>>> print(open('upload-v1.pdb').read())   # PDB, C-alpha atoms
ATOM      1  CA  MET A   1     -77.070 239.105  -5.917
ATOM      2  CA  SER A   2     -77.351 239.455  -9.607
ATOM      3  CA  HIS A   3     -74.256 237.252  -9.938
ATOM      4  CA  ILE A   4     -76.048 234.268  -8.297
ATOM      5  CA  ASP A   5     -79.189 234.692 -10.388
ATOM      6  CA  ASN A   6     -77.091 234.815 -13.512
ATOM      7  CA  LYS A   7     -75.464 231.404 -12.797
ATOM      8  CA  THR A   8     -78.807 229.791 -11.960
ATOM      9  CA  THR A   9     -80.428 231.147 -15.074
ATOM     10  CA  HIS A  10     -77.488 230.024 -17.206
ATOM     11  CA  LYS A  11     -77.767 226.423 -15.944
ATOM     12  CA  MET A  12     -81.556 226.305 -16.436
ATOM     13  CA  ILE A  13     -81.573 227.738 -19.954
ATOM     14  CA  GLN A  14     -79.481 225.330 -21.962
ATOM     15  CA  GLY A  15     -80.154 224.514 -25.614
ATOM     16  CA  MET A  16     -80.377 221.093 -27.234
ATOM     17  CA  THR A  17     -77.108 219.388 -27.992
ATOM     18  CA  LEU A  18     -76.179 218.136 -31.434
ATOM     19  CA  VAL A  19     -76.511 214.532 -30.221
ATOM     20  CA  GLU A  20     -80.123 215.102 -29.172
ATOM     21  CA  VAL A  21     -80.923 216.671 -32.557
ATOM     22  CA  MET A  22     -79.360 213.708 -34.398
ATOM     23  CA  ILE A  23     -81.336 211.193 -32.303
ATOM     24  CA  ALA A  24     -84.554 213.082 -33.054
ATOM     25  CA  LEU A  25     -83.745 213.051 -36.781
ATOM     26  CA  VAL A  26     -83.070 209.293 -36.723
ATOM     27  CA  ILE A  27     -86.396 208.626 -34.965
ATOM     28  CA  LEU A  28     -88.231 210.885 -37.415
ATOM     29  CA  SER A  29     -86.529 209.179 -40.403
ATOM     30  CA  VAL A  30     -87.516 205.703 -39.216
ATOM     31  CA  GLY A  31     -91.115 206.862 -38.815
ATOM     32  CA  LEU A  32     -91.183 208.390 -42.300
ATOM     33  CA  LEU A  33     -89.721 205.206 -43.822
ATOM     34  CA  GLY A  34     -92.491 203.231 -42.153
ATOM     35  CA  LEU A  35     -95.109 205.572 -43.618
ATOM     36  CA  ALA A  36     -93.533 205.260 -47.074
ATOM     37  CA  GLY A  37     -93.731 201.465 -46.797
ATOM     38  CA  LEU A  38     -97.406 201.681 -45.875
ATOM     39  CA  GLN A  39     -98.041 203.966 -48.841
ATOM     40  CA  ILE A  40     -96.367 201.511 -51.251
ATOM     41  CA  HIS A  41     -98.333 198.612 -49.776
ATOM     42  CA  GLY A  42    -101.577 200.579 -50.187
ATOM     43  CA  LEU A  43    -100.804 201.450 -53.813
ATOM     44  CA  ARG A  44     -99.979 197.827 -54.597
ATOM     45  CA  GLY A  45    -103.272 196.704 -53.049
ATOM     46  CA  SER A  46    -105.143 199.312 -55.054
ATOM     47  CA  SER A  47    -103.484 198.150 -58.278
ATOM     48  CA  ASN A  48    -104.269 194.506 -57.500
ATOM     49  CA  SER A  49    -107.920 195.240 -56.812
ATOM     50  CA  ASN A  50    -108.163 197.288 -60.017
ATOM     51  CA  SER A  51    -106.800 194.310 -61.979
ATOM     52  CA  ARG A  52    -109.337 191.999 -60.341
ATOM     53  CA  VAL A  53    -112.231 194.338 -61.191
ATOM     54  CA  GLN A  54    -111.047 194.599 -64.798
ATOM     55  CA  ALA A  55    -110.738 190.793 -64.994
ATOM     56  CA  VAL A  56    -114.308 190.335 -63.743
ATOM     57  CA  PHE A  57    -115.586 192.829 -66.333
ATOM     58  CA  ILE A  58    -113.666 191.100 -69.141
ATOM     59  CA  ALA A  59    -114.813 187.607 -68.093
ATOM     60  CA  SER A  60    -118.423 188.802 -67.842
ATOM     61  CA  ASP A  61    -118.136 190.451 -71.257
ATOM     62  CA  MET A  62    -116.894 187.175 -72.746
ATOM     63  CA  ALA A  63    -119.760 185.240 -71.142
ATOM     64  CA  GLU A  64    -122.289 187.723 -72.559
ATOM     65  CA  ARG A  65    -120.721 187.506 -76.035
ATOM     66  CA  MET A  66    -120.865 183.704 -75.882
ATOM     67  CA  ARG A  67    -124.542 183.755 -74.953
ATOM     68  CA  ALA A  68    -125.298 186.346 -77.641
ATOM     69  CA  ASN A  69    -123.729 184.122 -80.311
ATOM     70  CA  SER A  70    -125.723 181.037 -79.339
ATOM     71  CA  LEU A  71    -125.261 179.286 -82.698
ATOM     72  CA  GLU A  72    -121.478 179.122 -82.201
ATOM     73  CA  PHE A  73    -121.818 178.507 -78.445
ATOM     74  CA  ASN A  74    -124.499 175.786 -78.382
ATOM     75  CA  THR A  75    -124.680 174.293 -81.875
ATOM     76  CA  ASN A  76    -121.258 174.599 -83.539
ATOM     77  CA  LEU A  77    -119.431 174.312 -80.192
ATOM     78  CA  ALA A  78    -116.827 176.873 -81.306
ATOM     79  CA  TYR A  79    -116.051 177.707 -77.667
ATOM     80  CA  LYS A  80    -115.350 174.132 -76.571
ATOM     81  CA  ASN A  81    -111.595 174.689 -76.356
ATOM     82  CA  ILE A  82    -110.148 178.156 -76.971
ATOM     83  CA  THR A  83    -107.224 180.055 -75.465
ATOM     84  CA  LEU A  84    -106.739 183.805 -75.771
ATOM     85  CA  ASN A  85    -103.329 185.233 -74.915
ATOM     86  CA  ALA A  86    -103.255 189.010 -74.436
ATOM     87  CA  SER A  87     -99.685 189.232 -75.711
ATOM     88  CA  ALA A  88    -100.633 187.581 -79.037
ATOM     89  CA  CYS A  89    -104.070 188.733 -80.205
ATOM     90  CA  GLY A  90    -103.281 188.404 -83.901
ATOM     91  CA  VAL A  91    -104.669 190.356 -86.822
ATOM     92  CA  GLN A  92    -107.996 192.122 -86.423
ATOM     93  CA  PRO A  93    -110.775 190.235 -88.202
ATOM     94  CA  THR A  94    -113.743 191.838 -89.932
ATOM     95  CA  ASN A  95    -115.221 194.555 -87.726
ATOM     96  CA  CYS A  96    -118.696 193.264 -86.935
ATOM     97  CA  ASN A  97    -119.676 196.629 -85.430
ATOM     98  CA  THR A  98    -119.640 198.193 -88.897
ATOM     99  CA  ALA A  99    -120.277 195.193 -91.194
ATOM    100  CA  ASN A 100    -122.770 192.352 -91.375
ATOM    101  CA  CYS A 101    -121.033 189.228 -90.137
ATOM    102  CA  SER A 102    -121.771 185.540 -90.013
ATOM    103  CA  THR A 103    -121.792 183.837 -86.625
ATOM    104  CA  THR A 104    -118.306 182.473 -87.345
ATOM    105  CA  GLN A 105    -116.995 185.952 -88.165
ATOM    106  CA  LEU A 106    -118.679 187.281 -85.019
ATOM    107  CA  PHE A 107    -116.961 184.517 -83.013
ATOM    108  CA  SER A 108    -113.552 185.637 -84.349
ATOM    109  CA  PHE A 109    -114.334 189.318 -83.830
ATOM    110  CA  ASP A 110    -115.528 188.756 -80.243
ATOM    111  CA  ASN A 111    -112.401 186.757 -79.386
ATOM    112  CA  PHE A 112    -110.187 189.496 -80.826
ATOM    113  CA  GLN A 113    -112.084 192.210 -78.898
ATOM    114  CA  ILE A 114    -111.750 190.277 -75.621
ATOM    115  CA  CYS A 115    -108.059 189.652 -76.273
ATOM    116  CA  GLN A 116    -107.503 193.370 -76.913
ATOM    117  CA  SER A 117    -109.423 194.237 -73.753
ATOM    118  CA  MET A 118    -107.173 191.900 -71.749
ATOM    119  CA  ALA A 119    -104.058 193.470 -73.310
ATOM    120  CA  ASP A 120    -105.309 196.998 -72.572
ATOM    121  CA  ASN A 121    -106.607 196.485 -69.037
ATOM    122  CA  LEU A 122    -104.625 193.679 -67.400
ATOM    123  CA  PRO A 123    -100.921 193.217 -66.680
ATOM    124  CA  PHE A 124     -98.718 191.642 -69.344
ATOM    125  CA  GLY A 125     -99.359 187.991 -70.140
ATOM    126  CA  ALA A 126    -103.045 187.666 -69.261
ATOM    127  CA  THR A 127    -104.593 184.445 -70.586
ATOM    128  CA  MET A 128    -108.206 183.320 -70.983
ATOM    129  CA  THR A 129    -109.279 179.749 -71.610
ATOM    130  CA  VAL A 130    -112.782 178.535 -72.386
ATOM    131  CA  THR A 131    -113.367 174.804 -72.138
ATOM    132  CA  CYS A 132    -116.386 172.573 -72.473
ATOM    133  CA  ASP A 133    -117.145 170.885 -69.158
ATOM    134  CA  LEU A 134    -117.503 167.517 -70.942
ATOM    135  CA  GLY A 135    -114.070 167.841 -72.583
ATOM    136  CA  ALA A 136    -113.675 166.273 -76.023
ATOM    137  CA  ALA A 137    -117.132 164.661 -75.740
ATOM    138  CA  CYS A 138    -118.740 168.108 -75.735
ATOM    139  CA  VAL A 139    -122.314 168.141 -76.993
ATOM    140  CA  PRO A 140    -124.739 171.020 -77.631
ATOM    141  CA  ASN A 141    -126.171 172.757 -74.565
ATOM    142  CA  THR A 142    -123.245 171.794 -72.328
ATOM    143  CA  SER A 143    -121.885 174.167 -69.699
ATOM    144  CA  HIS A 144    -118.471 175.743 -70.247
ATOM    145  CA  THR A 145    -115.811 177.002 -67.852
ATOM    146  CA  LEU A 146    -114.115 180.319 -68.516
ATOM    147  CA  THR A 147    -110.810 180.941 -66.719
ATOM    148  CA  LEU A 148    -108.976 184.267 -66.861
ATOM    149  CA  SER A 149    -105.464 184.403 -65.368
ATOM    150  CA  TRP A 150    -103.027 187.287 -65.065
ATOM    151  CA  ASN A 151     -99.701 188.053 -63.441
ATOM    152  CA  ASP A 152    -100.177 190.343 -60.461
ATOM    153  CA  LEU A 153     -96.525 191.389 -60.364
ATOM    154  CA  GLN A 154     -96.829 193.360 -63.628
ATOM    155  CA  ASP A 155     -93.385 192.245 -64.733
ATOM    156  CA  ALA A 156     -92.965 191.210 -68.336
ATOM    157  CA  ASN A 157     -89.850 189.169 -67.499
ATOM    158  CA  ILE A 158     -91.653 186.723 -65.211
ATOM    159  CA  ASP A 159     -92.951 183.496 -66.753
ATOM    160  CA  ILE A 160     -96.691 183.563 -65.991
ATOM    161  CA  SER A 161     -96.905 179.750 -65.938
ATOM    162  CA  LYS A 162     -94.356 179.527 -63.084
ATOM    163  CA  ASN A 163     -95.508 182.538 -61.090
ATOM    164  CA  PRO A 164     -96.935 181.828 -57.632
ATOM    165  CA  ASN A 165     -98.668 185.242 -57.704
ATOM    166  CA  LEU A 166    -100.883 184.256 -60.622
ATOM    167  CA  LYS A 167    -104.425 185.551 -60.075
ATOM    168  CA  THR A 168    -107.439 183.789 -61.559
ATOM    169  CA  ILE A 169    -111.135 184.418 -62.182
ATOM    170  CA  THR A 170    -113.290 181.401 -63.071
ATOM    171  CA  LEU A 171    -116.863 181.453 -64.404
ATOM    172  CA  GLN A 172    -119.060 178.522 -65.287
ATOM    173  CA  ILE A 173    -121.375 179.395 -68.181
ATOM    174  CA  GLN A 174    -124.649 177.597 -68.692
ATOM    175  CA  PRO A 175    -126.226 177.548 -72.177
TER     176      PRO A 175
END
>>> encode(input="upload-v1.pdb", output="structure tokens")
Amino acid sequence: MSHIDNKTTHKMIQGMTLVEVMIALVILSVGLLGLAGLQIHGLRGSSNSNSRVQAVFIASDMAERMRANSLEFNTNLAYKNITLNASACGVQPTNCNTANCSTTQLFSFDNFQICQSMADNLPFGATMTVTCDLGAACVPNTSHTLTLSWNDLQDANIDISKNPNLKTITLQIQP
């Protein structure tokens, strides 16, 4: 009688085969690859939103600096057509935080500070343009448009002017 029970028990207690283990590993690997893809997508989205927040802060800072230097903004129309490129900020002008500056020196210092902020906080190749809404016929107390663009791919080898992933913030500034 023990001989019959032994055969029945032997057939019921069989381990997993190597094929079953390999199939389980393949299924587990595919699932983990999917999770890794989701993680990368989430990190990219987080980086993109961080860039957008930084761009809004920088654009708002520029608008505040323009309003604070009203002589250059409204009277001298210094902001009627400027372009700041974060990869070419130039030489630092007189530091108006530690020295008394004219409004023209403050204009140069503010532009340099904004350019440096773009270089420090946005991907390579960020560009800001400020234009008078009346174009060449700009007169005092005219609204201006501020446009800040950056390359979301964070790749220095990509031409920002031809990139379809170019992100932009636009503000219209009233005097």
>>> closest_residue(input="upload-v1.pdb", among="A:Ala126, A:Ile40, A:Val56, A:Leu35", to="Asn85 of chain A", atoms="only C-alpha atoms")
A:Ala126
>>> closest_residue(input="upload-v1.pdb", among="A:Gln39, A:Gln54, A:Thr168, A:Gln174", to="Thr145 of chain A", atoms="all atoms listed in the file")
A:Gln174
>>> residues_around(input="upload-v1.pdb", residues="Phe112 of chain A", least_positions_apart="4", cutoff="7 Å", atoms="only C-alpha atoms", output="tab-separated table (two decimals) with C-alpha atoms, in the frame of the given file")
chain	number	residue	atom	x	y	z
A	89	CYS	CA	-104.07	188.73	-80.20
A	92	GLN	CA	-108.00	192.12	-86.42
A	108	SER	CA	-113.55	185.64	-84.35
A	116	GLN	CA	-107.50	193.37	-76.91
>>> axis_aligned_box(input="upload-v1.pdb", around="segment 112-115 of chain A", padding_each_side="5 Å", output="AutoDock Vina command-line options")
--center_x -110.1 --center_y 190.9 --center_z -78.2 --size_x 14.0 --size_y 12.7 --size_z 15.2
>>> resolve_selection(input="upload-v1.pdb", expression="the PyMOL selection byres ((chain A and resi 60-67) around 9)", output="VMD selection string")
chain A and resid 55 to 59 68 to 74 79 107 110 to 111 114 146 171 to 175
>>> residues_around(input="upload-v1.pdb", residues="Gly125 of chain A", least_positions_apart="3", cutoff="7 Å", atoms="all atoms listed in the file", output="list of chain:residue names")
A:Asn85, A:Ala86, A:Ser87, A:Trp150, A:Asn151, A:Ile160
>>> resolve_selection(input="upload-v1.pdb", expression="the PyMOL selection byres ((chain A and resi 133-141) around 7)", output="PyMOL selection string")
chain A and resi 74-75+77+80+131-132+142-145+175
>>> closest_residue(input="upload-v1.pdb", among="A:Cys101, A:Leu122, A:Ile23, A:Leu33", to="Ser47 of chain A", atoms="all atoms listed in the file")
A:Leu122
>>> atom_distance(input="upload-v1.pdb", atom1="atom CA of Gly90 of chain A", atom2="atom CA of Thr104 of chain A")
16.5 Å
>>> closest_residue(input="upload-v1.pdb", among="A:Asn97, A:Ala78, A:Thr129, A:Arg52", to="Leu166 of chain A", atoms="all atoms listed in the file")
A:Arg52
>>> atom_distance(input="upload-v1.pdb", atom1="atom CA of Ser149 of chain A", atom2="atom CA of Asn48 of chain A")
12.9 Å
>>> closest_residue(input="upload-v1.pdb", among="A:Ser51, A:Thr170, A:Asn95, A:Ser29", to="Pro123 of chain A", atoms="only C-alpha atoms")
A:Ser51
